[in-house]
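Participant: Provided herewith: entry.cif, mmCIF, C-alpha atoms and all ligand atoms.
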```cif
data_start
loop_
_atom_site.label_atom_id
_atom_site.label_comp_id
_atom_site.auth_asym_id
_atom_site.auth_seq_id
_atom_site.Cartn_x
_atom_site.Cartn_y
_atom_site.Cartn_z
CA MET A 1 84.26 72.58 96.54
CA ALA A 2 87.41 73.91 98.21
CA ASN A 3 88.46 74.83 101.69
CA VAL A 4 89.71 78.37 102.17
CA ALA A 5 92.71 79.92 103.94
CA VAL A 6 92.46 83.59 104.82
CA ILE A 7 95.68 85.49 105.45
CA GLY A 8 96.74 89.12 105.76
CA ALA A 9 98.64 90.43 102.72
CA GLN A 10 100.20 93.48 104.39
CA TRP A 11 101.27 94.07 108.03
CA GLY A 12 98.11 92.88 109.74
CA ASP A 13 94.88 94.60 110.73
CA GLU A 14 93.54 94.39 107.18
CA GLY A 15 90.03 93.65 108.40
CA LYS A 16 90.41 89.87 108.43
CA GLY A 17 87.85 89.54 111.23
CA LYS A 18 84.98 90.73 109.10
CA VAL A 19 85.96 88.66 106.06
CA VAL A 20 86.53 85.56 108.17
CA ASP A 21 83.18 86.10 109.85
CA TRP A 22 81.51 86.44 106.48
CA LEU A 23 83.18 83.27 105.18
CA ALA A 24 82.56 81.42 108.46
CA SER A 25 78.86 81.60 107.78
CA ARG A 26 79.57 79.37 104.75
CA ALA A 27 81.97 76.99 106.52
CA GLY A 28 81.55 74.14 108.99
CA ILE A 29 84.80 74.53 110.92
CA VAL A 30 87.10 77.51 111.50
CA VAL A 31 90.75 76.78 112.37
CA ARG A 32 93.47 79.05 113.74
CA PHE A 33 96.89 77.74 112.72
CA GLN A 34 99.57 80.22 113.89
CA GLY A 35 100.15 83.19 116.16
CA GLY A 36 98.61 83.58 119.56
CA HIS A 37 96.75 86.24 121.48
CA ASN A 38 98.85 88.91 119.75
CA ALA A 39 96.19 88.92 117.04
CA GLY A 40 93.15 91.13 117.30
CA HIS A 41 90.08 90.40 115.23
CA THR A 42 87.11 92.71 115.48
CA LEU A 43 83.71 91.35 114.51
CA VAL A 44 80.62 93.48 114.33
CA VAL A 45 77.47 91.36 114.55
CA GLY A 46 74.29 93.36 114.88
CA ASN A 47 74.77 95.61 117.88
CA GLN A 48 77.53 93.49 119.41
CA THR A 49 81.25 94.06 118.77
CA TYR A 50 83.41 91.07 119.58
CA LYS A 51 87.14 91.57 119.99
CA LEU A 52 88.81 88.20 119.60
CA SER A 53 92.50 87.49 120.07
CA LEU A 54 92.85 83.74 120.33
CA LEU A 55 89.44 82.26 119.69
CA PRO A 56 88.64 81.34 116.08
CA SER A 57 86.18 83.88 114.66
CA GLY A 58 83.70 81.22 113.54
CA LEU A 59 82.62 80.68 117.16
CA VAL A 60 80.56 83.85 116.89
CA ARG A 61 78.58 82.17 114.08
CA GLY A 62 78.05 78.99 116.07
CA LYS A 63 80.69 77.11 114.06
CA LEU A 64 83.15 74.66 115.56
CA GLY A 65 86.36 76.51 116.38
CA ILE A 66 89.71 74.75 116.36
CA ILE A 67 93.01 76.08 117.68
CA GLY A 68 95.74 74.19 115.83
CA ASN A 69 99.16 73.06 117.03
CA GLY A 70 100.80 75.97 115.21
CA VAL A 71 99.24 78.42 117.67
CA VAL A 72 100.96 79.32 120.97
CA VAL A 73 98.29 79.22 123.66
CA ASP A 74 98.31 81.30 126.82
CA PRO A 75 95.87 79.38 129.05
CA GLU A 76 95.16 82.39 131.28
CA ALA A 77 94.46 84.59 128.25
CA LEU A 78 92.31 81.87 126.71
CA LEU A 79 90.12 81.55 129.81
CA ALA A 80 89.89 85.33 130.17
CA GLU A 81 88.78 85.67 126.53
CA ILE A 82 86.21 82.91 126.97
CA ALA A 83 84.86 84.74 130.03
CA ARG A 84 84.73 88.00 128.05
CA VAL A 85 82.72 86.61 125.15
CA GLU A 86 80.50 84.64 127.54
CA ALA A 87 79.65 87.94 129.24
CA GLN A 88 78.47 89.06 125.76
CA GLY A 89 76.19 86.04 125.59
CA LEU A 90 78.34 83.63 123.56
CA LYS A 91 78.79 80.18 125.14
CA VAL A 92 82.18 78.49 124.61
CA THR A 93 82.30 74.81 125.54
CA PRO A 94 84.41 71.78 124.58
CA GLU A 95 81.64 71.12 122.03
CA SER A 96 82.27 74.44 120.29
CA LEU A 97 86.04 74.78 120.78
CA ARG A 98 88.79 72.17 120.38
CA ILE A 99 92.49 72.82 120.94
CA ALA A 100 95.36 70.73 119.57
CA GLU A 101 96.81 68.68 122.40
CA ASN A 102 100.28 69.38 120.99
CA ALA A 103 99.92 73.17 121.06
CA PRO A 104 102.74 74.85 123.02
CA LEU A 105 101.77 77.02 125.98
CA ILE A 106 102.69 80.60 126.71
CA LEU A 107 103.70 80.99 130.36
CA PRO A 108 103.91 84.22 132.38
CA LEU A 109 107.69 84.11 132.06
CA HIS A 110 107.41 84.45 128.28
CA ALA A 111 105.66 87.81 128.52
CA ALA A 112 108.24 88.91 131.12
CA ILE A 113 111.13 88.01 128.78
CA ASP A 114 109.38 89.61 125.80
CA ARG A 115 109.03 92.92 127.66
CA ALA A 116 112.46 92.85 129.30
CA ARG A 117 114.14 92.24 125.94
CA GLU A 118 112.15 95.00 124.24
CA ALA A 119 113.15 97.42 127.00
CA ALA A 120 116.80 96.39 126.57
CA ARG A 121 116.62 96.98 122.80
CA GLY A 122 115.87 100.68 123.34
CA ASP A 123 115.64 102.47 119.98
CA ARG A 124 115.99 99.19 118.13
CA LYS A 125 112.86 97.71 119.67
CA ILE A 126 110.60 95.59 117.46
CA GLY A 127 107.41 96.96 118.98
CA THR A 128 106.09 93.52 119.96
CA THR A 129 102.71 93.13 121.61
CA GLY A 130 104.53 92.07 124.80
CA ARG A 131 102.43 88.92 125.05
CA GLY A 132 105.32 86.46 125.06
CA ILE A 133 104.70 85.19 121.53
CA GLY A 134 108.34 85.23 120.40
CA PRO A 135 109.80 83.58 123.53
CA ALA A 136 107.09 80.88 123.44
CA TYR A 137 107.94 79.98 119.83
CA GLU A 138 111.63 79.99 120.73
CA ASP A 139 110.93 77.43 123.46
CA LYS A 140 108.96 75.28 121.03
CA VAL A 141 111.86 75.14 118.58
CA ALA A 142 114.32 74.64 121.45
CA ARG A 143 112.27 71.55 122.44
CA ARG A 144 111.59 72.66 125.99
CA ALA A 145 108.03 74.04 125.63
CA ILE A 146 105.25 72.80 127.88
CA ARG A 147 102.45 71.65 125.57
CA LEU A 148 98.75 71.44 126.36
CA ALA A 149 98.74 67.65 126.79
CA ASP A 150 101.62 67.88 129.27
CA LEU A 151 99.24 69.42 131.81
CA ALA A 152 97.83 65.90 132.39
CA GLU A 153 101.31 64.77 133.51
CA PRO A 154 102.49 66.75 136.58
CA GLU A 155 105.90 65.05 136.47
CA THR A 156 106.43 66.21 132.86
CA VAL A 157 105.48 69.77 133.80
CA ALA A 158 107.86 69.73 136.77
CA ALA A 159 110.77 68.44 134.67
CA LYS A 160 110.16 70.95 131.88
CA LEU A 161 109.89 73.81 134.36
CA ASP A 162 113.39 72.95 135.60
CA GLU A 163 114.77 73.28 132.09
CA LEU A 164 112.72 76.38 131.30
CA LEU A 165 113.72 78.18 134.47
CA LEU A 166 117.39 77.35 134.07
CA HIS A 167 117.24 79.09 130.73
CA HIS A 168 114.86 81.97 131.39
CA ASN A 169 115.84 82.94 134.92
CA THR A 170 119.45 83.25 133.76
CA LEU A 171 118.30 85.60 131.03
CA LEU A 172 115.87 87.55 133.25
CA ALA A 173 118.54 88.02 135.92
CA GLY A 174 120.96 89.24 133.23
CA LEU A 175 118.38 91.77 132.08
CA GLY A 176 117.81 92.92 135.65
CA ALA A 177 114.21 91.64 135.70
CA PRO A 178 112.58 89.62 138.52
CA VAL A 179 113.06 85.84 138.22
CA PHE A 180 110.32 83.17 138.45
CA GLU A 181 109.86 80.56 141.13
CA LYS A 182 109.18 76.97 140.14
CA GLN A 183 106.58 76.07 142.75
CA ALA A 184 104.38 79.08 142.01
CA LEU A 185 104.44 78.36 138.27
CA PHE A 186 103.75 74.67 138.86
CA ASP A 187 100.80 75.41 141.13
CA GLN A 188 99.42 77.89 138.63
CA LEU A 189 99.62 75.37 135.78
CA MET A 190 98.08 72.59 137.85
CA ALA A 191 95.18 74.88 138.77
CA LEU A 192 94.66 75.72 135.08
CA ALA A 193 94.90 72.09 133.94
CA PRO A 194 91.34 70.95 134.72
CA ARG A 195 89.93 74.09 133.12
CA VAL A 196 91.77 73.82 129.78
CA LEU A 197 92.34 70.06 129.33
CA PRO A 198 88.68 69.40 128.43
CA PHE A 199 89.31 71.38 125.22
CA ALA A 200 92.35 69.26 124.22
CA GLU A 201 92.34 66.60 121.54
CA PRO A 202 94.30 65.42 118.50
CA VAL A 203 92.58 67.92 116.20
CA TRP A 204 94.25 66.42 113.12
CA GLU A 205 91.93 63.44 113.48
CA ARG A 206 88.82 65.60 113.57
CA LEU A 207 90.07 67.63 110.59
CA ASP A 208 90.80 64.45 108.65
CA ALA A 209 87.27 63.20 109.31
CA ALA A 210 85.86 66.61 108.30
CA ARG A 211 87.87 66.56 105.08
CA ARG A 212 86.58 63.09 104.20
CA ALA A 213 83.00 64.11 105.00
CA GLY A 214 83.32 67.17 102.73
CA THR A 215 82.80 69.65 105.59
CA ARG A 216 84.04 73.07 104.55
CA ILE A 217 87.07 74.17 106.55
CA LEU A 218 88.13 77.79 106.89
CA PHE A 219 91.75 78.38 107.97
CA GLU A 220 91.99 81.72 109.76
CA GLY A 221 95.39 83.36 109.60
CA ALA A 222 96.62 85.95 112.07
CA GLN A 223 99.09 88.82 111.51
CA ALA A 224 100.14 88.96 107.84
CA VAL A 225 102.69 88.03 105.19
CA MET A 226 104.93 91.06 105.81
CA LEU A 227 105.15 89.96 109.47
CA ASP A 228 106.10 86.38 108.47
CA VAL A 229 109.28 85.27 110.25
CA ASP A 230 110.86 84.27 106.91
CA HIS A 231 109.17 86.41 104.28
CA GLY A 232 108.41 89.57 106.24
CA THR A 233 110.45 92.67 107.06
CA TYR A 234 112.79 90.71 109.34
CA PRO A 235 113.62 91.34 112.17
CA PHE A 236 110.53 93.53 112.49
CA VAL A 237 108.21 90.53 112.25
CA THR A 238 106.27 88.16 114.44
CA SER A 239 107.75 84.77 115.37
CA SER A 240 105.58 82.47 113.25
CA ASN A 241 105.15 81.77 109.57
CA THR A 242 102.04 83.61 108.52
CA VAL A 243 101.97 82.47 104.88
CA ALA A 244 99.13 80.19 103.78
CA ALA A 245 101.37 77.12 103.60
CA THR A 246 101.53 77.23 107.41
CA ALA A 247 97.85 76.32 107.58
CA ALA A 248 98.78 72.73 106.76
CA ALA A 249 101.58 72.27 109.30
CA GLY A 250 99.86 74.40 111.92
CA ALA A 251 96.65 72.37 111.85
CA GLY A 252 97.91 68.90 110.97
CA VAL A 253 96.51 68.50 107.45
CA GLY A 254 98.12 67.99 104.05
CA PRO A 255 98.84 70.98 101.80
CA GLY A 256 96.06 69.91 99.43
CA THR A 257 93.47 70.41 102.19
CA VAL A 258 94.23 74.11 102.56
CA GLY A 259 92.39 75.02 99.35
CA PHE A 260 91.81 78.52 98.02
CA VAL A 261 94.18 81.17 99.41
CA LEU A 262 92.44 84.47 100.02
CA GLY A 263 94.68 87.42 100.92
CA ILE A 264 93.17 90.37 102.74
CA ALA A 265 94.49 93.81 101.89
CA LYS A 266 93.38 97.24 102.96
CA ALA A 267 92.84 99.77 100.15
CA TYR A 268 95.71 101.72 101.77
CA ALA A 269 98.38 100.47 104.20
CA THR A 270 98.94 100.44 107.95
CA ARG A 271 101.51 99.06 110.32
CA VAL A 272 101.83 98.84 114.10
CA GLY A 273 105.19 98.45 115.74
CA SER A 274 108.54 99.39 114.29
CA GLY A 275 110.12 98.53 110.96
CA PRO A 276 110.27 99.67 107.36
CA PHE A 277 107.15 101.14 105.76
CA PRO A 278 108.18 102.76 102.46
CA THR A 279 104.73 104.21 101.62
CA GLU A 280 104.17 105.65 105.12
CA LEU A 281 102.55 109.08 105.31
CA THR A 282 103.59 111.20 108.23
CA ASP A 283 101.59 114.19 107.00
CA ALA A 284 97.96 115.34 107.25
CA THR A 285 96.82 112.70 104.72
CA GLY A 286 98.28 109.96 106.92
CA ALA A 287 96.49 111.44 109.93
CA LEU A 288 93.25 111.59 107.94
CA LEU A 289 93.49 107.92 106.94
CA GLY A 290 94.14 106.98 110.58
CA GLU A 291 91.18 108.98 111.79
CA ARG A 292 88.73 107.80 109.14
CA GLY A 293 89.90 104.22 109.29
CA ALA A 294 89.84 104.21 113.14
CA GLU A 295 93.38 102.86 113.01
CA PHE A 296 94.08 101.80 116.58
CA GLY A 297 95.44 98.36 117.54
CA VAL A 298 92.81 96.02 119.00
CA VAL A 299 95.38 94.35 121.27
CA THR A 300 97.70 97.23 122.08
CA GLY A 301 95.47 100.31 121.62
CA ARG A 302 98.46 101.89 119.84
CA PRO A 303 97.72 104.19 116.86
CA ARG A 304 98.67 102.51 113.60
CA ARG A 305 101.06 104.11 111.12
CA CYS A 306 99.22 104.83 107.86
CA GLY A 307 100.28 105.16 104.24
CA TRP A 308 99.45 104.56 100.58
CA PHE A 309 98.67 101.13 99.15
CA ASP A 310 101.99 99.45 98.34
CA ALA A 311 101.29 97.29 95.30
CA ALA A 312 104.91 96.09 95.06
CA LEU A 313 104.71 94.73 98.60
CA VAL A 314 101.30 93.12 98.13
CA ARG A 315 102.50 91.57 94.87
CA GLN A 316 105.40 90.06 96.84
CA ALA A 317 102.92 88.73 99.44
CA VAL A 318 100.79 87.28 96.63
CA LYS A 319 103.78 85.40 95.24
CA VAL A 320 105.32 84.02 98.44
CA SER A 321 101.98 82.98 99.87
CA GLY A 322 100.25 81.74 96.72
CA ILE A 323 97.36 84.18 97.12
CA GLN A 324 94.73 83.37 94.49
CA GLY A 325 92.36 86.20 95.23
CA LEU A 326 92.42 89.44 97.22
CA ALA A 327 89.72 90.72 99.53
CA LEU A 328 90.09 94.48 99.47
CA THR A 329 88.82 96.25 102.58
CA LYS A 330 88.15 99.81 103.71
CA LEU A 331 87.92 101.35 100.25
CA ASP A 332 85.48 103.89 101.73
CA VAL A 333 88.31 105.44 103.80
CA LEU A 334 89.66 106.87 100.52
CA ASP A 335 86.32 108.46 99.54
CA GLY A 336 86.66 112.13 98.61
CA LEU A 337 90.46 112.28 98.37
CA ALA A 338 91.38 114.34 95.30
CA GLU A 339 94.45 112.28 94.49
CA LEU A 340 95.59 108.77 95.35
CA LYS A 341 99.00 107.20 95.13
CA ILE A 342 99.92 103.56 94.69
CA GLY A 343 103.41 102.32 95.52
CA VAL A 344 104.82 100.44 92.52
CA GLY A 345 108.42 99.87 93.60
CA TYR A 346 111.35 101.31 95.53
CA ARG A 347 114.38 103.38 94.78
CA ILE A 348 117.31 102.28 96.90
CA ASP A 349 120.63 104.10 96.51
CA GLY A 350 119.56 105.21 93.01
CA GLU A 351 118.56 101.72 91.85
CA LEU A 352 114.93 100.80 91.11
CA PHE A 353 113.44 97.64 92.66
CA ARG A 354 110.06 96.06 92.07
CA ARG A 355 110.39 94.05 95.29
CA LEU A 356 111.61 94.84 98.79
CA PRO A 357 115.13 93.39 99.22
CA ALA A 358 115.82 91.30 102.34
CA ALA A 359 118.63 93.30 103.95
CA PRO A 360 117.33 95.61 106.71
CA GLY A 361 119.60 98.51 105.72
CA ALA A 362 118.26 98.47 102.15
CA GLN A 363 114.68 98.18 103.47
CA ALA A 364 115.20 101.20 105.70
CA ARG A 365 116.60 103.26 102.80
CA ALA A 366 113.86 102.21 100.34
CA VAL A 367 112.00 105.23 98.97
CA ALA A 368 108.64 104.41 97.41
CA GLU A 369 108.05 105.05 93.70
CA TYR A 370 104.44 106.04 93.04
CA GLU A 371 101.83 105.98 90.39
CA VAL A 372 99.32 108.80 90.88
CA MET A 373 95.61 108.37 90.29
CA GLU A 374 92.65 110.67 90.40
CA GLY A 375 90.36 110.12 93.39
CA TRP A 376 86.55 109.94 93.35
CA SER A 377 83.96 112.27 94.80
CA GLY A 378 81.09 109.83 95.43
CA SER A 379 80.78 107.37 98.29
CA THR A 380 81.75 103.71 98.22
CA ARG A 381 80.54 103.03 101.75
CA GLY A 382 78.02 100.25 101.99
CA ALA A 383 78.19 99.44 98.26
CA ARG A 384 76.92 95.95 97.49
CA SER A 385 77.60 95.80 93.75
CA TRP A 386 80.13 97.20 91.28
CA ALA A 387 77.37 99.37 89.85
CA ASP A 388 77.17 101.17 93.23
CA LEU A 389 80.80 102.27 92.96
CA PRO A 390 82.06 105.51 91.37
CA ALA A 391 83.82 104.73 88.06
CA GLN A 392 87.14 106.05 89.38
CA ALA A 393 86.94 103.73 92.40
CA VAL A 394 86.50 100.77 90.05
CA LYS A 395 89.56 101.99 88.12
CA TYR A 396 91.57 102.10 91.37
CA VAL A 397 90.59 98.51 92.18
CA ARG A 398 91.41 97.35 88.65
CA ARG A 399 94.85 99.00 88.83
CA ILE A 400 95.50 97.20 92.13
CA GLU A 401 94.63 93.92 90.43
CA GLU A 402 97.06 94.60 87.59
CA LEU A 403 99.92 95.68 89.80
CA THR A 404 99.57 92.92 92.41
CA GLU A 405 98.88 90.26 89.77
CA ALA A 406 95.92 89.02 91.81
CA PRO A 407 92.20 89.35 91.15
CA VAL A 408 90.05 91.15 93.70
CA THR A 409 87.53 88.46 94.57
CA LEU A 410 85.88 90.26 97.49
CA LEU A 411 85.39 93.92 98.22
CA SER A 412 84.36 94.99 101.70
CA THR A 413 82.73 98.41 101.85
CA SER A 414 81.90 98.89 105.55
CA PRO A 415 82.37 97.03 108.85
CA GLU A 416 78.90 95.49 108.41
CA ARG A 417 79.05 91.89 107.30
CA ASP A 418 76.61 92.26 104.41
CA ASP A 419 78.34 95.28 102.89
CA THR A 420 80.49 93.03 100.75
CA ILE A 421 80.77 92.64 97.00
CA MET A 422 81.57 89.06 96.09
CA VAL A 423 83.12 88.59 92.69
CA ARG A 424 83.86 84.93 93.20
CA ASP A 425 82.95 82.56 96.04
CA PRO A 426 86.30 81.36 97.46
CA PHE A 427 84.66 78.09 98.57
CA GLU A 428 83.94 77.33 94.92
CA GLY A 429 87.72 77.28 94.41
P1 LIG B 501 104.77 89.94 118.43
O1 LIG B 501 103.92 89.12 117.50
O2 LIG B 501 104.05 90.34 119.69
O3 LIG B 501 106.10 89.31 118.71
O4 LIG B 501 105.11 91.33 117.69
C1 LIG B 501 105.96 91.37 116.55
C2 LIG B 501 105.46 92.39 115.53
O5 LIG B 501 104.24 91.94 114.98
C3 LIG B 501 105.16 93.76 116.12
O6 LIG B 501 105.47 94.75 115.14
C4 LIG B 501 103.66 93.74 116.36
O7 LIG B 501 103.11 95.03 116.35
C5 LIG B 501 103.22 92.93 115.15
N1 LIG B 501 101.93 92.24 115.35
C6 LIG B 501 101.69 91.13 116.08
N2 LIG B 501 100.41 90.78 116.00
C7 LIG B 501 99.80 91.67 115.20
C8 LIG B 501 98.47 91.82 114.69
O8 LIG B 501 97.55 91.03 114.96
N3 LIG B 501 98.24 92.86 113.86
C9 LIG B 501 99.24 93.72 113.50
N4 LIG B 501 100.50 93.62 113.93
C10 LIG B 501 100.78 92.60 114.77
#
```
What would the structure in this file look like if it were written as structure tokens?

Facilitator:
Amino acid sequence: MANVAVIGAQWGDEGKGKVVDWLASRAGIVVRFQGGHNAGHTLVVGNQTYKLSLLPSGLVRGKLGIIGNGVVVDPEALLAEIARVEAQGLKVTPESLRIAENAPLILPLHAAIDRAREAARGDRKIGTTGRGIGPAYEDKVARRAIRLADLAEPETVAAKLDELLLHHNTLLAGLGAPVFEKQALFDQLMALAPRVLPFAEPVWERLDAARRAGTRILFEGAQAVMLDVDHGTYPFVTSSNTVAATAAAGAGVGPGTVGFVLGIAKAYATRVGSGPFPTELTDATGALLGERGAEFGVVTGRPRRCGWFDAALVRQAVKVSGIQGLALTKLDVLDGLAELKIGVGYRIDGELFRRLPAAPGAQARAVAEYEVMEGWSGSTRGARSWADLPAQAVKYVRRIEELTEAPVTLLSTSPERDDTIMVRDPFEG
């Protein structure tokens, strides 16, 4: 029996929420290990739709949720999200949610810096979610972050605020943005402390005990490999490592505990924010995919850019993240299209590449090379077995497997949890 790590294999929004929810029903613990409330996971359970940003998806299934040290936690956003799901009837208590005591906090000044810097970038903006994710990770690496456990030590908070404000107010003033005042921030953090500290603990100890007891652990990734700060389309990326290896460092377990790596990929491609997207469709087909796939950001509400499935890019994600199986989602969005294209590589300045090179200029000039396939006329929506799928749809899936060098181990055919074809149970390794 293995544990499972679920990560996005494209640019995020692959439908991880549904797959994680489905797998959570088979797990004992669900752990978030990177990112913050920039993520947006939509879960449809019966007639309720939960939109989660920071909370581990397993909470909806009554599973213990853990927020690991690799996550940047905005305490205000956390409490607001808890209040939101509680209004939908889901109770979140220190019995159902534990947060790593060494998780760094996102403060209001981080969101202010994030937005001021994006505004200053003008045309070169990254298209961040404006939630302060990048600046919070920068503070962590710069060794000045306030961490959850610090809230129990007012003197530590006060000293760190001095260092933080020296740095950030200088920057904010330079960008012409309002500066922050120490006392107000201190008071705010002290008021939050008794509300969030009950969730804090050394989660590595609990995870170690769970591992020894054979409790199944599901590691829930956020964002996706092409937004990874090292392996993604830098600088148009998020500020954390999103690859599966991060699950170990971001939760406090050994690499062997991470288990089976399941990559989620949409049957086409989408991206929010700026940056290269070689298979992007800016025509009527792109608009159709966006409309049918309801491609709007959960966090930002921004329409997502849409395009053809880029097998070269997903193959790259498979390799750098050690993806052992793909969960393919939203195949039904392609139903009825006469012709489908799959990106198989890039032509850059006349030269053919099977991978996306690292230099941003080359990425921007990359023109997708396609393989063209016939579409299918039947419906794949709600299919629960291969036999329910049109033959041409099966061919499309098989071609994706060949080109990405990864088997499709799950196929999701509608937002409903049970509309899933399981080829192989990831928990069986
Ligand atoms: P940040 O994570 O807010 O710094 O944004 C950096 C980039 O990652 C931007 O292009 C965002 O649109 C993108 N991004 C962040 N979180 C998500 C997500 O959950 N889904 C898709 N894109 C995301």

Participant: Find the residues of segment 219-317 of chain A that sit at most 6 Å from segment 2-11 of chain A; for each, write down the nearest two atoms and how far apart they are in Å, to one decimal. Count only C-alpha atoms. Sort by chain, then by number going up, and give it as CSV.

Facilitator:
```
residue,atom,partner,partner_atom,distance
A:Phe219,CA,A:Ala5,CA,4.4
A:Glu220,CA,A:Val6,CA,5.3
A:Gly221,CA,A:Ile7,CA,4.7
A:Ala224,CA,A:Gly8,CA,4.0
A:Val225,CA,A:Ala9,CA,5.3
A:Met226,CA,A:Trp11,CA,5.2
A:Leu227,CA,A:Trp11,CA,5.8
A:Val258,CA,A:Asn3,CA,5.9
A:Gly259,CA,A:Asn3,CA,4.6
A:Phe260,CA,A:Val4,CA,4.7
A:Val261,CA,A:Ala5,CA,4.9
A:Leu262,CA,A:Val6,CA,4.9
A:Gly263,CA,A:Ile7,CA,5.0
A:Ile264,CA,A:Gly8,CA,4.8
A:Ala265,CA,A:Ala9,CA,5.4
A:Arg271,CA,A:Trp11,CA,5.5
A:Val314,CA,A:Ala9,CA,5.9
A:Ala317,CA,A:Ala9,CA,5.7
```

Participant: At a cut-off of 10 Å, using all atoms listed in the file, what residues contact Gln88 of chain A? Leave out same-chain residues fewer than 5 positions from it and give the result as number ranges by chain.

Facilitator: A: 48-50, 82-83

Participant: Step by step, measure atom-to-atom distances between ligand LIG 501 (chain B) and each residue using only C-alpha atoms and all ligand atoms, keep those at most 6 Å, then write them as a ChimeraX atom specification.

Facilitator: /A:11-13,38-40,126-131,133-134,222-223,227,236-239,272-274

Participant: Quote the spacing between atom CA of Thr409 of chain A and atom CA of Ile421 of chain A in Å to one decimal place.

Facilitator: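 Computing the Euclidean distance for atom CA of Thr409 of chain A and atom CA of Ile421 of chain A yields 8.3 Å.
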
Participant: Report the centre and edge lengths, in Å to one decimal, of an axis-aligned box enclosing every atom of segment 204-209 of chain A listed in the file, padded by 4 Å on each side, as lines of an AutoDock Vina configuration file.

Facilitator:
```
center_x = 90.8
center_y = 65.4
center_z = 111.1
size_x = 15.0
size_y = 12.4
size_z = 12.9
```
